[in-house]
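Novice: Sharing a structure, written as structure tokens. Questions coming.
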2 protein chains.
Amino acid sequence: MAQRGRRTTRISGDERQEAILVTAETLLGEKSFDDISIDDLARGAGISRPTFYFYFGSKDDVLLALLDRVIGEVERRVGALPRDFEAAPASTWRQSIGAFVEVFAAHRAVSAAAIAGRARNPEVHALWSRSMESWVAYTTEVVVAERARGAAPGGLDARELAVALNLMNERVLTAVFSGESPSLPETDTLDVLAGIWIRSIYGRDLAP
Amino acid sequence: MAQRGRRTTRISGDERQEAILVTAETLLGEKSFDDISIDDLARGAGISRPTFYFYFGSKDDVLLALLDRVIGEVERRVGALPRDFEAAPASTWRQSIGAFVEVFAAHRAVSAAAIAGRARNPEVHALWSRSMESWVAYTTEVVVAERARGAAPGGLDARELAVALNLMNERVLTAVFSGESPSLPETDTLDVLAGIWIRSIYGRDLAP
DNA sequence: CGATCCACTCGACACGGTGTCGACGAATGT
DNA sequence: ACATTCGTCGACACCGTGTCGAGTGGATCG
């Protein structure tokens, strides 16, 4: 459950917690999560190692807090998007995927660390799973609607299609942003992703 | 480069090395790679911890050796496949992807551990990257050929399409075989994957 | 205005895993 | 019988994690 050792009064010290988070995100830009020790985090925030434990239960808890923010941001971005698939399906899909891509890009270090750390930490895994589940649900819903209005063909289970496409996005984005070897140029990523989504949802290309 | 402490003469002791590998794959079926200590591996092979280092330079080297075998198997399987995309494109794609799926399934623990360990270990990363690169090259080549004979439309860069599809397979397979939350039933996996490949390569459904 | 309380801090410790070193046996060839 | 090399391990040093208990200083209250 990872209880944070939070004080009840509203005095300072919150800054320390924030400092740890900032240090973590900065350090993640330089080296991998595994290579960051709790001592690094503590020193970066100007405190000693034991004091770190006053604010977070573990290194993973820091990652969790960071991931929580990133997910919140995607949530907000996607929620604020127009949803007129009937009028302009191609560009609406593109925008939705684009929101994802942008937030991922802005916090690439955190996203990459969280996705990698998912295997090790159950809470990180659960948080990420929950979000994926929500993107999948949204995707499925739209696919079903598109099929209902005759714009998209059947042939593949809507939810299964949605799962595969969302997992593709996750994987492609991590590959792109961590500069892996078989990867895409960052500039083409959105085009390729959106292209595959459109073709596999509608069974054909759509006018942009 | 991870030099293995191999003897030059051909005496026994090779069995020990094999025993370590077997122990590792067995243990991987029970717990995560991180939770397996070198002591576990050594005891499982009936030797002491220091002796382990005679055979392998580190725990990661064991994973590397395991992954090497799995990749070799995929390589062999895919190489032995028919390649008549002109006669029966849909089923030929399906079979290629199927080879992947089967080997992954047969060694799911190793595959999952290797893919997860990629982030931590440069050699594992390099080995996996090299393989991905080879599947991508193969895919690209076929897509280009299909376009050349007028069977598939352009619109997306062939290699970029190939990269995204191969990454999708990797991610979907790890999700399926490690029983993650947004995932697919194992029985539908090949259908969904093949379906998305066909639609995004040919821009339409193909007769099976 | 002293007592007290509580958020906050850290020195020091125990633990567990990794990797290394040096010594010791047991075959093999000379 | 002797040397060399393979294989083996006990013991050690190291490093990162997490905990415990003893402070310290500022706010609040009698």
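Residues are referred to by chain and number: the chain letter is A, B, ... according to the order shown in the structure tokens, the number counts from 1 in that chain, and ligands are numbered separately from 1 in the order shown.
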Give me, as a PyMOL selection string, the residues of segment 7-197 of chain A that a backbone DSSP run labels helix (DSSP H, G or I).
Specialist: chain A and resi 14-28+33-35+38-44+49-55+59-79+89-106+108-117+122-148+158-177+186-197
Novice: If we count only C-alpha atoms (C1' of nucleotides) and set the cut-off at 7 Å, which residues sit around segment 112-129 of chain A, ignoring sequence neighbours fewer than 4 positions away in its own chain? Please answer as a ChimeraX atom specification.
Specialist: /A:33,63-64,67,108,133,174 /B:116,181-182
Novice: For the interface of segment 7-30 of chain C with segment 1-17 of chain D (cut-off 9 Å, counting only C-alpha atoms (C1' of nucleotides)), please tabulate each contacting residue of segment 7-30 of chain C alongside its nearest pair of atoms and their separation in Å to one decimal, rows sorted by chain and increasing number, as a Markdown table.
Specialist:
```
| residue | atom | partner | partner_atom | distance |
| --- | --- | --- | --- | --- |
| C:DC15 | C1' | D:DT17 | C1' | 8.6 |
| C:DG16 | C1' | D:DT17 | C1' | 8.9 |
| C:DT18 | C1' | D:DC14 | C1' | 8.5 |
| C:DG19 | C1' | D:DC14 | C1' | 8.8 |
| C:DT20 | C1' | D:DA13 | C1' | 8.6 |
| C:DC21 | C1' | D:DC12 | C1' | 8.5 |
| C:DC24 | C1' | D:DT8 | C1' | 8.4 |
| C:DG25 | C1' | D:DT8 | C1' | 8.2 |
| C:DA26 | C1' | D:DG7 | C1' | 8.7 |
| C:DA27 | C1' | D:DC6 | C1' | 8.4 |
| C:DT28 | C1' | D:DT4 | C1' | 8.6 |
| C:DG29 | C1' | D:DT4 | C1' | 8.8 |
| C:DT30 | C1' | D:DC2 | C1' | 8.6 |
```
Novice: To one decimal in Å, tell me the separation between atom CA of Arg76 of chain A and atom CA of Gly98 of chain A.
Specialist: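 Answer for the atom CA of Arg76 of chain A to atom CA of Gly98 of chain A separation: 13.4 Å.
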Novice: List the spatial neighbours of DG30 of chain D as a ChimeraX atom specification - criterion: any atom at most 12 Å away, only C-alpha atoms (C1' of nucleotides), same-chain residues fewer than 4 positions off excluded.
Specialist: /C:1-4
Novice: Please report the interatomic distance between atom CA of Arg43 of chain B and atom CA of Asp35 of chain A in Å with one decimal.
Specialist: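 Between these atoms lies a distance of 28.4 Å.
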Novice: Kindly determine which residues of chain B lie within 8 Å of chain A, considering only C-alpha atoms, and give the answer as an NGL selection string.
Specialist: :B and (34 or 116 or 119-120 or 129 or 132-133 or 136 or 156 or 160-161 or 163-165 or 167-169 or 171-172 or 180-184 or 192-193 or 195-196 or 199-200 or 203-205)
Novice: Near chain A, which residues of chain C fall within 12 Å when you count only C-alpha atoms (C1' of nucleotides), and what do they look like as a ChimeraX atom specification?
Specialist: /C:6-12
Novice: Store the residues picked out above, limited to N, CA and C atoms (P, O5', C5', C4', C3', O3' and C1' of nucleotides), as a PDB file, in the first residue's frame.
Specialist:
```
ATOM      1  P    DC C   6       1.610  14.699  19.739  1.00  0.00           P
ATOM      2  O5'  DC C   6       2.030  14.987  18.235  1.00  0.00           O
ATOM      3  C5'  DC C   6       1.936  16.322  17.709  1.00  0.00           C
ATOM      4  C4'  DC C   6       3.031  16.544  16.686  1.00  0.00           C
ATOM      5  C3'  DC C   6       3.426  15.281  15.908  1.00  0.00           C
ATOM      6  O3'  DC C   6       3.594  15.650  14.567  1.00  0.00           O
ATOM      7  C1'  DC C   6       5.345  16.280  16.778  1.00  0.00           C
ATOM      8  P    DA C   7       3.238  14.687  13.370  1.00  0.00           P
ATOM      9  O5'  DA C   7       4.016  15.414  12.166  1.00  0.00           O
ATOM     10  C5'  DA C   7       3.837  16.805  11.986  1.00  0.00           C
ATOM     11  C4'  DA C   7       5.145  17.438  11.543  1.00  0.00           C
ATOM     12  C3'  DA C   7       5.805  16.727  10.358  1.00  0.00           C
ATOM     13  O3'  DA C   7       6.318  17.725   9.493  1.00  0.00           O
ATOM     14  C1'  DA C   7       7.310  16.759  12.191  1.00  0.00           C
ATOM     15  P    DC C   8       6.871  17.324   8.046  1.00  0.00           P
ATOM     16  O5'  DC C   8       8.402  17.025   8.358  1.00  0.00           O
ATOM     17  C5'  DC C   8       9.200  18.062   8.927  1.00  0.00           C
ATOM     18  C4'  DC C   8      10.507  17.500   9.412  1.00  0.00           C
ATOM     19  C3'  DC C   8      11.303  16.636   8.423  1.00  0.00           C
ATOM     20  O3'  DC C   8      12.407  17.416   7.988  1.00  0.00           O
ATOM     21  C1'  DC C   8      11.529  15.920  10.679  1.00  0.00           C
ATOM     22  P    DT C   9      13.338  16.919   6.808  1.00  0.00           P
ATOM     23  O5'  DT C   9      14.568  16.295   7.606  1.00  0.00           O
ATOM     24  C5'  DT C   9      15.370  17.155   8.430  1.00  0.00           C
ATOM     25  C4'  DT C   9      16.342  16.326   9.237  1.00  0.00           C
ATOM     26  C3'  DT C   9      17.120  15.309   8.416  1.00  0.00           C
ATOM     27  O3'  DT C   9      18.433  15.796   8.192  1.00  0.00           O
ATOM     28  C1'  DT C   9      16.432  14.452  10.550  1.00  0.00           C
ATOM     29  P    DC C  10      19.345  15.125   7.100  1.00  0.00           P
ATOM     30  O5'  DC C  10      20.166  14.092   7.982  1.00  0.00           O
ATOM     31  C5'  DC C  10      20.886  14.562   9.111  1.00  0.00           C
ATOM     32  C4'  DC C  10      21.261  13.397   9.983  1.00  0.00           C
ATOM     33  C3'  DC C  10      22.066  12.301   9.255  1.00  0.00           C
ATOM     34  O3'  DC C  10      23.198  11.994  10.037  1.00  0.00           O
ATOM     35  C1'  DC C  10      20.299  11.350  10.469  1.00  0.00           C
ATOM     36  P    DG C  11      24.576  11.757   9.389  1.00  0.00           P
ATOM     37  O5'  DG C  11      25.284  10.961  10.571  1.00  0.00           O
ATOM     38  C5'  DG C  11      25.081  11.347  11.938  1.00  0.00           C
ATOM     39  C4'  DG C  11      25.250  10.143  12.857  1.00  0.00           C
ATOM     40  C3'  DG C  11      26.323   9.140  12.437  1.00  0.00           C
ATOM     41  O3'  DG C  11      26.964   8.625  13.604  1.00  0.00           O
ATOM     42  C1'  DG C  11      24.204   8.070  12.451  1.00  0.00           C
ATOM     43  P    DA C  12      28.125   7.523  13.469  1.00  0.00           P
ATOM     44  O5'  DA C  12      27.312   6.155  13.645  1.00  0.00           O
ATOM     45  C5'  DA C  12      26.356   6.032  14.702  1.00  0.00           C
ATOM     46  C4'  DA C  12      25.768   4.630  14.676  1.00  0.00           C
ATOM     47  C3'  DA C  12      26.731   3.563  14.165  1.00  0.00           C
ATOM     48  O3'  DA C  12      26.559   2.407  14.972  1.00  0.00           O
ATOM     49  C1'  DA C  12      24.774   3.519  12.875  1.00  0.00           C
TER      50       DA C  12
END
```
Novice: Write out as a PyMOL selection string the residues lying within 10 Å of DT19 of chain D, counting only C-alpha atoms (C1' of nucleotides) and excluding same-chain residues fewer than 4 positions away.
Specialist: (chain A and resi 50+53) or (chain C and resi 13-14)
Novice: Go ahead and save the picked residues with N, CA, C and O atoms (P, O5', C5', C4', C3', O3' and C1' of nucleotides), as an mmCIF file, in the first residue's frame.
Specialist:
```cif
data_model
loop_
_atom_site.group_PDB
_atom_site.id
_atom_site.type_symbol
_atom_site.label_atom_id
_atom_site.label_comp_id
_atom_site.auth_asym_id
_atom_site.auth_seq_id
_atom_site.Cartn_x
_atom_site.Cartn_y
_atom_site.Cartn_z
ATOM 1 N N PRO A 50 18.259 7.919 5.101
ATOM 2 C CA PRO A 50 17.129 7.541 5.977
ATOM 3 C C PRO A 50 15.965 8.520 5.860
ATOM 4 O O PRO A 50 14.806 8.110 5.943
ATOM 5 N N TYR A 53 13.264 7.875 3.377
ATOM 6 C CA TYR A 53 12.199 6.934 3.741
ATOM 7 C C TYR A 53 11.060 7.592 4.504
ATOM 8 O O TYR A 53 10.022 6.981 4.718
ATOM 9 P P DC C 13 27.570 1.159 14.762
ATOM 10 O "O5'" DC C 13 26.574 -0.006 14.338
ATOM 11 C "C5'" DC C 13 25.401 -0.220 15.118
ATOM 12 C "C4'" DC C 13 24.365 -0.963 14.305
ATOM 13 C "C3'" DC C 13 24.901 -2.247 13.661
ATOM 14 O "O3'" DC C 13 24.306 -3.375 14.293
ATOM 15 C "C1'" DC C 13 23.504 -0.998 12.173
ATOM 16 P P DA C 14 24.900 -4.851 13.953
ATOM 17 O "O5'" DA C 14 23.727 -5.493 13.113
ATOM 18 C "C5'" DA C 14 22.359 -5.207 13.425
ATOM 19 C "C4'" DA C 14 21.480 -5.840 12.353
ATOM 20 C "C3'" DA C 14 22.044 -7.161 11.828
ATOM 21 O "O3'" DA C 14 20.961 -8.054 11.617
ATOM 22 C "C1'" DA C 14 21.921 -5.589 10.047
#
```
Novice: Name all residues at most 10 Å from Glu18 of chain A (count only C-alpha atoms (C1' of nucleotides); drop same-chain ones fewer than 6 positions away) and give them as a ChimeraX atom specification.
Specialist: /A:24,45,55
